[in-house]
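Below: the structure, in structure tokens.
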Amino acid sequence: MADKILKQLKIKVWRQKNAKSKGRFETYTIENISTGSSFLEMMDILNNDLIEKGIDPIAFDHDCREGICGTCSLYINGRPHGPDTEVTTCQLHMRKFKDGETIIIEPWRARAFPVIKDLVVDRSAFEKILQAGGFVSVNTGGVPDANAIPVSREDAEESMDAAACIGCGACVAACKNSSAMLFVSAKVSHLAKLPQGKVEADTRAMSMVAKMDELGFGGCTNTRACEAECPKSISIMNIARLNREYLKARLSR
Amino acid sequence: MSILDSKIPQGPLAEKWTKHKSAIKVVSPANKRKLEIVVVGTGLGGASAAASLAELGYKVKAFCYQDSPRRAHSIAAQGGINAAKNYQNDNDSVFRLFYDTIKGGDYRAREANVYRLAEVSPNIIDQCVAQGVPFGREYGGLLDNRSFGGVLVSRTFYARGQTGQQLLIGAYQALNRQIAKGNVEMYNRHEMLDVVKIDGKARGIIARDLVSGKIKRFGAHAVVVATGGYGNVFFLSTNAMGSNGSAAWQCYKKGAFMSNPCFVQIHPTCIPVHGDQQSKLTLMSESLRNDGRVWVPKKKEDAVKLQKGEIGPNDIADEDRDFYLERRYPSYGNLVPRDVASRAAKERCDAGFGVNAEGKAVFLDFKYSIERLGKDVITARYGNLFQMYEKITDTDPYKEPMMIYPAIHYSMGGTWVDYNLMTTVPGLYSIGEANFSDHGANRLGASALMQGLADGYFVLPYTIGDYLADEIMTPKTDVNAPEFVEAEKEVTDRIEKLFNIKGSKPVDYFHKKLGHVMWDYVGMSRNAEGLKKAIEEIKVIREEFWKDVRIPGELDNLNPELEKAGRVADFLDIGELMARDALDRNESCGGHFREESATEEGEAKRNDELFTYVSCWEYKGEGQEPVLHKEDLVFENVKLTQRSYK
């Protein structure tokens, strides 16, 4: 458990000035990183080095650094959120790397997530999918007592399993088709499993899938890469449920 | 003080809100369509307010600096949300929740506001369930509750260890629905840099589009600030990296008073600092103290060996362990409130009994509860927290005790608001953690989520109508008015000034320096000499910052360093005001501990005779000393007593 020092690391990282310009890889060297540091703390240190050298620091998305906000998004050594399981990049630690190693960092790669700068991508396609139906149509006030409708514990737990999605986009980045099925299915399942969400289940599944297709995400071919890389272990069972909900909705029309 | 009118309604406590609601004005649906409201921040307060206001028919523009409203830091709250539902039949009530909150806040909050908070709390749970928040349930299908620190009933609703996430997703879904309907215009990756006043009233904001760097003007009939707390003034805290006090600070500079800025909460169970490369602290839920026992070695030589890594915690026999919370507070033991637990940990570490290399950590040990309950029970209760701890520290908490240390967590202080949540600037509102109103000098666990949603769903949508009813004849705000032009120029000038310093040191250098001063002198333990020193040292850092900061990149592109620089510039000012406020308040209450005001045993000693007031600071211009106003707190329904947990 005692922290060690990684004397030297090479960081090969995607640099791209803005959405319109062409990107390229640059390699930087960084020294004396504690294995107890998080990956993003390493990035902070690298950036402060770059600033002092007069080089534009590397832009990357991050915020809570507790693995819950879903902002961080790096593709590290060929894996979304890097070489550890069930963590986001902000919870990845440097003890997962070896002294002298070259670490390759890329942004999420998907047509629906264009690069804004360096490692920062635009995930507003996710927003649009949720705006298409990822809600229960109730206004504030005038709702029944919270205990008026019992919900079986099993349903509540399954709903929560799906609702744990943080919307980071790792599923899309991991998928060779850049499919958003795991993300969409997580929202559809979260709501379909509860009586409150069931009322609109049909229209929700139809309109969210239609929006997903419209925004340029690919189709699902069941490779399960999304599930393997999801930092919150969202199960592809949700995709099966989404397919069922979608089919049900189509048949009832 | 006469210039502050808190607008607390007359009459018995339990009737104030009902009476007030029937007395305030209402805007007709036809007129609501013509009225625009800017909401800044999309956490629990901002998202719930923006959605609810749009549902009512107002035209809303909402802003967040993140790439999605769902990223706001409310999402990180773990434990739960309180509500006086009395579903457990354990004699909970609105009054009991009110009383616990007032007492927990060490009698430095307003009775009327806190009572209203407790009164609307049951509606929050109803609302969240209707939205599809998957709260924990019993086998019979009804909602389950937990108990939390500082109270005697079970009133905390939860969604595993991710309650904040689920509540925020609920509010975000409601917000998305209104965005889809066109009732809310959502501006992601936009940061508010100023509030614009016309004829003394808030009429809009200036914001920077963080992607293009464009400075933009947004007009409205009212502005709501829901931008959270300023804990990052300490550099290291449990706040998100982007959490900042800048929006609230711009409001202050435009005439909104800042209240009790020295009241910040230090959470006792965070993962300790691990060296000088750290940028962020991680909280371990308060619920862990239900089953974990806190200890340090009895013998100093054992502590020294632990610090050097010569022995491990399991090498120390039970009789050589000092369970100092159980020793000092036999009746509450490990479950004393946050402020008490934090100070006790610091006391032991300062005395040389800290257990990590830096000597700044204590143990939280689950060995005893695993022996008593079995590993499976502990896994079911805390599995996800244990996993997170192991990922961060590479230590298995099932086998070795966790190491924990206090860290900055929440700001009770904030922008002054009246009973309607309006600041001292007409038309400018502040809700959630950004305002000062409900938690006094110490916030109870699971009450932050309650307050954010109470303000956004059930208070502001009513009270803002009282102001807007008089604005129905006011035309759409003209963003080409000279006030907007002037405000935009000020913002642009400041950004250019920062950018053109082209000094030698990155923003973090100054932020860390400020954080050290704040932690050392305005942290867990404060005294007059230290606070005066802090004020002087902050001045020196500020001067150096404005001479030597280096901001790379471009103005018209995504530039995180530029964003940070603006926030740190404001933190330097906020830190100084916090020190001034702490200096003025020569008493110990809640999270604010003045060494000059302690009992013989070293416990906090409140001074009700001199300090039963809310401090309200008025900005007087750059380089000028702010002026202190006081809102006297009147307690008609509770008796003030010294808190004791012995």
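Labels for the structure tokens follow display order: chains A, B, ..., residues from 1 in each chain, ligands from 1.
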For the interface of chain A with chain B (cut-off 6 Å, counting only C-alpha atoms), please tabulate each contacting residue of chain A alongside its nearest pair of atoms and their separation in Å to one decimal, rows sorted by chain and increasing number, as a Markdown table.
```
| residue | atom | partner | partner_atom | distance |
| --- | --- | --- | --- | --- |
| A:Met1 | CA | B:Asp394 | CA | 5.6 |
| A:Asp56 | CA | B:Gly553 | CA | 5.4 |
| A:Asp63 | CA | B:Met241 | CA | 5.0 |
| A:Cys64 | CA | B:Ala240 | CA | 4.0 |
| A:Cys69 | CA | B:Arg71 | CA | 4.8 |
| A:Gln131 | CA | B:Asn176 | CA | 4.9 |
| A:Phe135 | CA | B:Gln173 | CA | 4.9 |
| A:Val136 | CA | B:Gln131 | CA | 5.5 |
| A:Thr140 | CA | B:Ser52 | CA | 5.9 |
| A:Asp145 | CA | B:Asp126 | CA | 5.3 |
| A:Ala146 | CA | B:Asp126 | CA | 4.2 |
| A:Asn147 | CA | B:Leu142 | CA | 5.8 |
| A:Pro150 | CA | B:Gly141 | CA | 4.4 |
| A:Val151 | CA | B:Gly141 | CA | 4.5 |
| A:Ser152 | CA | B:Gly141 | CA | 4.6 |
| A:Arg153 | CA | B:Tyr139 | CA | 5.5 |
| A:Ala156 | CA | B:Pro134 | CA | 5.6 |
| A:Met160 | CA | B:Pro134 | CA | 5.5 |
| A:Gln196 | CA | B:Ala130 | CA | 5.9 |
```
(request) For stretch 95-105 of chain A, work out the shell of residues within 9 Å, counting only C-alpha atoms and skipping chain neighbours fewer than 2 positions away, then give it as a ChimeraX atom specification. (result) /A:3-14,27,34-38,74-78,82-84,92-93,107,119 /B:394
(request) Please provide the set of residues having any atom within 9 Å of B:Asp90, restricted to only C-alpha atoms, with same-chain residues fewer than 2 positions apart removed, written as an MDAnalysis selection string. (result) chainID B and resid 86:88 92 152:154
Write out, as a PDB file, in the first residue's frame, the residues just selected, with C-alpha atoms.
```pdb
ATOM      1  CA  ASN B  86     -43.218   9.914  10.103  1.00  0.00           C
ATOM      2  CA  TYR B  87     -43.570   6.767   7.973  1.00  0.00           C
ATOM      3  CA  GLN B  88     -41.749   4.848  10.716  1.00  0.00           C
ATOM      4  CA  ASP B  92     -41.369  12.314  13.961  1.00  0.00           C
ATOM      5  CA  LEU B 152     -33.375  10.328  17.413  1.00  0.00           C
ATOM      6  CA  VAL B 153     -35.768   9.258  14.630  1.00  0.00           C
ATOM      7  CA  SER B 154     -35.457   7.544  11.246  1.00  0.00           C
TER       8      SER B 154
END
```
(message) Using DSSP secondary structure from the backbone, list all alpha helix (DSSP H) positions within stretch 92-214 of chain A, as a ChimeraX atom specification.
(response) /A:124-131,153-163,170-174,181-192,195-198,201-214
(message) Give me, as number ranges by chain, all polymer residues having an atom no more than 12 Å from B:Lys497, counting only C-alpha atoms and skipping those fewer than 5 positions away in the same chain.
(response) B: 489-492, 502-503, 545-551, 555, 562, 565-566, 569
Given the selection you just returned, output its residues as a file containing N, CA and C atoms, formatted as a short mmCIF file (atom, residue, chain, number, x, y, z; two decimals), in the first residue's frame.
```
data_model
loop_
_atom_site.label_atom_id
_atom_site.label_comp_id
_atom_site.auth_asym_id
_atom_site.auth_seq_id
_atom_site.Cartn_x
_atom_site.Cartn_y
_atom_site.Cartn_z
N LYS B 489 -18.40 45.38 -20.61
CA LYS B 489 -17.06 45.98 -20.72
C LYS B 489 -16.23 45.66 -19.49
N GLU B 490 -16.86 45.76 -18.33
CA GLU B 490 -16.15 45.45 -17.08
C GLU B 490 -15.64 44.01 -17.08
N VAL B 491 -16.51 43.10 -17.53
CA VAL B 491 -16.14 41.69 -17.58
C VAL B 491 -14.99 41.47 -18.55
N THR B 492 -15.12 42.06 -19.73
CA THR B 492 -14.07 41.90 -20.75
C THR B 492 -12.75 42.50 -20.27
N LYS B 502 0.54 37.70 -17.92
CA LYS B 502 1.59 36.87 -18.50
C LYS B 502 2.79 36.70 -17.57
N GLY B 503 2.47 36.35 -16.35
CA GLY B 503 3.50 36.16 -15.34
C GLY B 503 4.19 34.83 -15.47
N PHE B 545 -0.59 37.44 -7.12
CA PHE B 545 -1.43 36.83 -8.16
C PHE B 545 -1.64 37.82 -9.32
N TRP B 546 -2.02 39.02 -8.99
CA TRP B 546 -2.34 39.99 -10.04
C TRP B 546 -1.09 40.50 -10.75
N LYS B 547 0.10 40.15 -10.22
CA LYS B 547 1.34 40.54 -10.90
C LYS B 547 1.95 39.40 -11.69
N ASP B 548 1.73 38.15 -11.19
CA ASP B 548 2.59 37.08 -11.69
C ASP B 548 1.86 35.84 -12.18
N VAL B 549 0.54 35.89 -12.32
CA VAL B 549 -0.14 34.67 -12.78
C VAL B 549 0.06 34.53 -14.28
N ARG B 550 0.18 33.28 -14.71
CA ARG B 550 0.33 33.05 -16.15
C ARG B 550 -0.86 32.26 -16.65
N ILE B 551 -1.58 32.85 -17.60
CA ILE B 551 -2.72 32.17 -18.21
C ILE B 551 -2.37 31.88 -19.67
N LEU B 555 -8.10 33.63 -25.62
CA LEU B 555 -9.34 34.13 -25.03
C LEU B 555 -10.56 33.58 -25.76
N LEU B 562 -8.02 29.94 -17.82
CA LEU B 562 -8.65 31.26 -17.70
C LEU B 562 -9.86 31.19 -16.76
N ALA B 565 -8.59 30.98 -13.26
CA ALA B 565 -8.00 32.24 -12.80
C ALA B 565 -9.07 33.18 -12.29
N GLY B 566 -10.18 33.28 -13.02
CA GLY B 566 -11.26 34.16 -12.59
C GLY B 566 -11.82 33.71 -11.25
N ALA B 569 -9.27 34.41 -8.43
CA ALA B 569 -9.26 35.85 -8.12
C ALA B 569 -10.37 36.16 -7.13
#
```
(message) Please compute the atom CA of B:Asn113-atom CA of B:Ser437 distance, one decimal, in Å.
(response) 6.9 Å
(message) List as a PyMOL selection string the protein and nucleic acid residues near A:Pro80, meaning an atom at most 8 Å away when only C-alpha atoms are counted, but skip any in the same chain fewer than 6 places from it.
(response) chain A and resi 73-74+108+170+173-174+229
Just C-alpha atoms for this one: save the residues we selected as a PDB file, in the first residue's frame.
```pdb
ATOM      1  CA  SER A  73     -13.899  10.842 -20.318  1.00  0.00           C
ATOM      2  CA  LEU A  74     -10.441   9.724 -21.352  1.00  0.00           C
ATOM      3  CA  TRP A 108     -13.850   9.515 -26.897  1.00  0.00           C
ATOM      4  CA  ALA A 170     -17.789   5.189 -22.115  1.00  0.00           C
ATOM      5  CA  ALA A 173     -16.509   5.011 -26.862  1.00  0.00           C
ATOM      6  CA  ALA A 174     -16.024   1.290 -26.209  1.00  0.00           C
ATOM      7  CA  GLU A 229     -16.128  -0.882 -19.865  1.00  0.00           C
TER       8      GLU A 229
END
```
(message) Just the number, please: distance in Å from atom CA of B:Val151 to atom CA of B:Ile271, one decimal.
(response)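 Between these atoms lies a distance of 25.1 Å.
Straight-line separation from atom CA of B:Ala256 to atom CA of B:Glu618: 7.3 Å.
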(message) So that I can check the surroundings of B:Ala220, please list as a list of chain:residue names every protein, DNA and RNA residue that reaches within 10 Å of it, counting only C-alpha atoms and ignoring chain neighbours fewer than 2 positions away.
(response) B:Leu35, B:Glu36, B:Ile37, B:Val38, B:Val39, B:Lys59, B:Val60, B:Lys61, B:Val196, B:Ala202, B:Arg203, B:Gly204, B:Ile205, B:Phe218, B:Ala222, B:Val223, B:Gly427, B:Pro475, B:Lys476, B:Thr477, B:Asp478, B:Val479
Go ahead and save the picked residues with N, CA and C atoms, as a short mmCIF file (atom, residue, chain, number, x, y, z; two decimals), in the first residue's frame.
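Now in part.cif:
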```cif
data_model
loop_
_atom_site.label_atom_id
_atom_site.label_comp_id
_atom_site.auth_asym_id
_atom_site.auth_seq_id
_atom_site.Cartn_x
_atom_site.Cartn_y
_atom_site.Cartn_z
N LEU B 35 -42.90 36.94 -18.93
CA LEU B 35 -41.83 37.22 -17.96
C LEU B 35 -40.68 36.22 -18.09
N GLU B 36 -39.48 36.77 -18.11
CA GLU B 36 -38.30 35.92 -18.27
C GLU B 36 -37.51 35.83 -16.97
N ILE B 37 -37.00 34.63 -16.69
CA ILE B 37 -36.21 34.42 -15.48
C ILE B 37 -34.91 33.72 -15.86
N VAL B 38 -33.80 34.26 -15.38
CA VAL B 38 -32.51 33.61 -15.55
C VAL B 38 -32.23 32.78 -14.30
N VAL B 39 -31.87 31.51 -14.48
CA VAL B 39 -31.48 30.65 -13.36
C VAL B 39 -30.04 30.21 -13.59
N LYS B 59 -40.81 32.13 -18.83
CA LYS B 59 -39.77 31.82 -19.81
C LYS B 59 -38.43 31.77 -19.08
N VAL B 60 -37.80 30.63 -19.09
CA VAL B 60 -36.60 30.44 -18.27
C VAL B 60 -35.37 30.26 -19.14
N LYS B 61 -34.28 30.91 -18.72
CA LYS B 61 -32.97 30.63 -19.32
C LYS B 61 -32.11 30.05 -18.20
N VAL B 196 -26.46 42.01 -13.93
CA VAL B 196 -26.67 43.36 -14.44
C VAL B 196 -27.89 43.98 -13.76
N ALA B 202 -32.25 43.65 -10.48
CA ALA B 202 -31.52 42.66 -11.29
C ALA B 202 -32.28 42.43 -12.58
N ARG B 203 -31.59 42.59 -13.70
CA ARG B 203 -32.25 42.50 -15.01
C ARG B 203 -31.54 41.56 -15.98
N GLY B 204 -30.59 40.81 -15.47
CA GLY B 204 -29.94 39.87 -16.38
C GLY B 204 -28.51 39.59 -15.95
N ILE B 205 -27.83 38.85 -16.79
CA ILE B 205 -26.45 38.49 -16.46
C ILE B 205 -25.54 38.63 -17.69
N PHE B 218 -27.57 38.39 -21.32
CA PHE B 218 -28.87 37.73 -21.21
C PHE B 218 -29.78 38.57 -20.32
N ALA B 222 -36.07 38.70 -13.68
CA ALA B 222 -35.52 38.33 -12.37
C ALA B 222 -34.37 37.35 -12.60
N VAL B 223 -33.46 37.32 -11.64
CA VAL B 223 -32.30 36.44 -11.73
C VAL B 223 -32.23 35.58 -10.47
N GLY B 427 -35.21 41.66 -7.14
CA GLY B 427 -35.24 40.82 -8.34
C GLY B 427 -34.10 39.82 -8.43
N PRO B 475 -41.39 45.80 -20.03
CA PRO B 475 -41.13 45.10 -21.29
C PRO B 475 -39.90 44.19 -21.18
N LYS B 476 -39.73 43.35 -22.17
CA LYS B 476 -38.55 42.48 -22.28
C LYS B 476 -37.30 43.32 -22.08
N THR B 477 -36.38 42.82 -21.31
CA THR B 477 -35.18 43.60 -21.00
C THR B 477 -34.33 43.80 -22.25
N ASP B 478 -33.94 45.05 -22.47
CA ASP B 478 -33.13 45.40 -23.64
C ASP B 478 -31.65 45.18 -23.30
N VAL B 479 -31.05 44.18 -23.94
CA VAL B 479 -29.65 43.88 -23.59
C VAL B 479 -28.68 44.88 -24.24
#
```
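Proximity of A:Ala210, A:Ile166, A:Leu46, A:Val121 to A:Thr88, computed with only C-alpha atoms, is greatest for A:Ile166.
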(request) Quick one: pick out all strand (DSSP E or B) residues within stretch 14-241 of chain A from a backbone DSSP run and write them as a ChimeraX atom specification. (result) /A:14-15,24-34,38,75-76,79-80,93,102-106,115-117,120-121,179,218
Quick one: residues within 12 Å of B:Asp520, only C-alpha atoms counted, chain neighbours fewer than 5 positions away excluded, as a PDB file with C-alpha atoms, in the first residue's frame?
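Output saved as around.pdb:
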```
ATOM      1  CA  PHE B 234      -9.468  26.008   0.756  1.00  0.00           C
ATOM      2  CA  LYS B 346      -7.526  17.365  14.971  1.00  0.00           C
ATOM      3  CA  LYS B 513      -1.064  29.031  -1.315  1.00  0.00           C
ATOM      4  CA  LEU B 514      -4.425  30.548  -0.450  1.00  0.00           C
ATOM      5  CA  GLY B 515      -5.693  27.123   0.598  1.00  0.00           C
ATOM      6  CA  SER B 525      -9.636  26.201  14.905  1.00  0.00           C
ATOM      7  CA  ARG B 526      -9.381  29.969  14.770  1.00  0.00           C
ATOM      8  CA  ASN B 527      -8.019  32.773  16.931  1.00  0.00           C
ATOM      9  CA  GLU B 529      -4.075  36.618  15.975  1.00  0.00           C
ATOM     10  CA  GLY B 530      -4.237  33.951  13.267  1.00  0.00           C
ATOM     11  CA  LEU B 531      -7.200  35.562  11.560  1.00  0.00           C
ATOM     12  CA  LYS B 533      -2.429  37.178   9.983  1.00  0.00           C
ATOM     13  CA  ALA B 534      -4.611  35.448   7.386  1.00  0.00           C
ATOM     14  CA  GLU B 537      -1.201  37.041   4.033  1.00  0.00           C
ATOM     15  CA  ALA B 579     -11.410  35.749   7.914  1.00  0.00           C
TER      16      ALA B 579
END
```
(request) Choose the residue, out of A:Gln91, A:Ser137, A:Ser189, A:Thr221, that has the smallest atom-to-atom separation from A:Cys175; count only C-alpha atoms. (result)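 Of the candidates, the smallest distance to A:Cys175 is held by A:Thr221.
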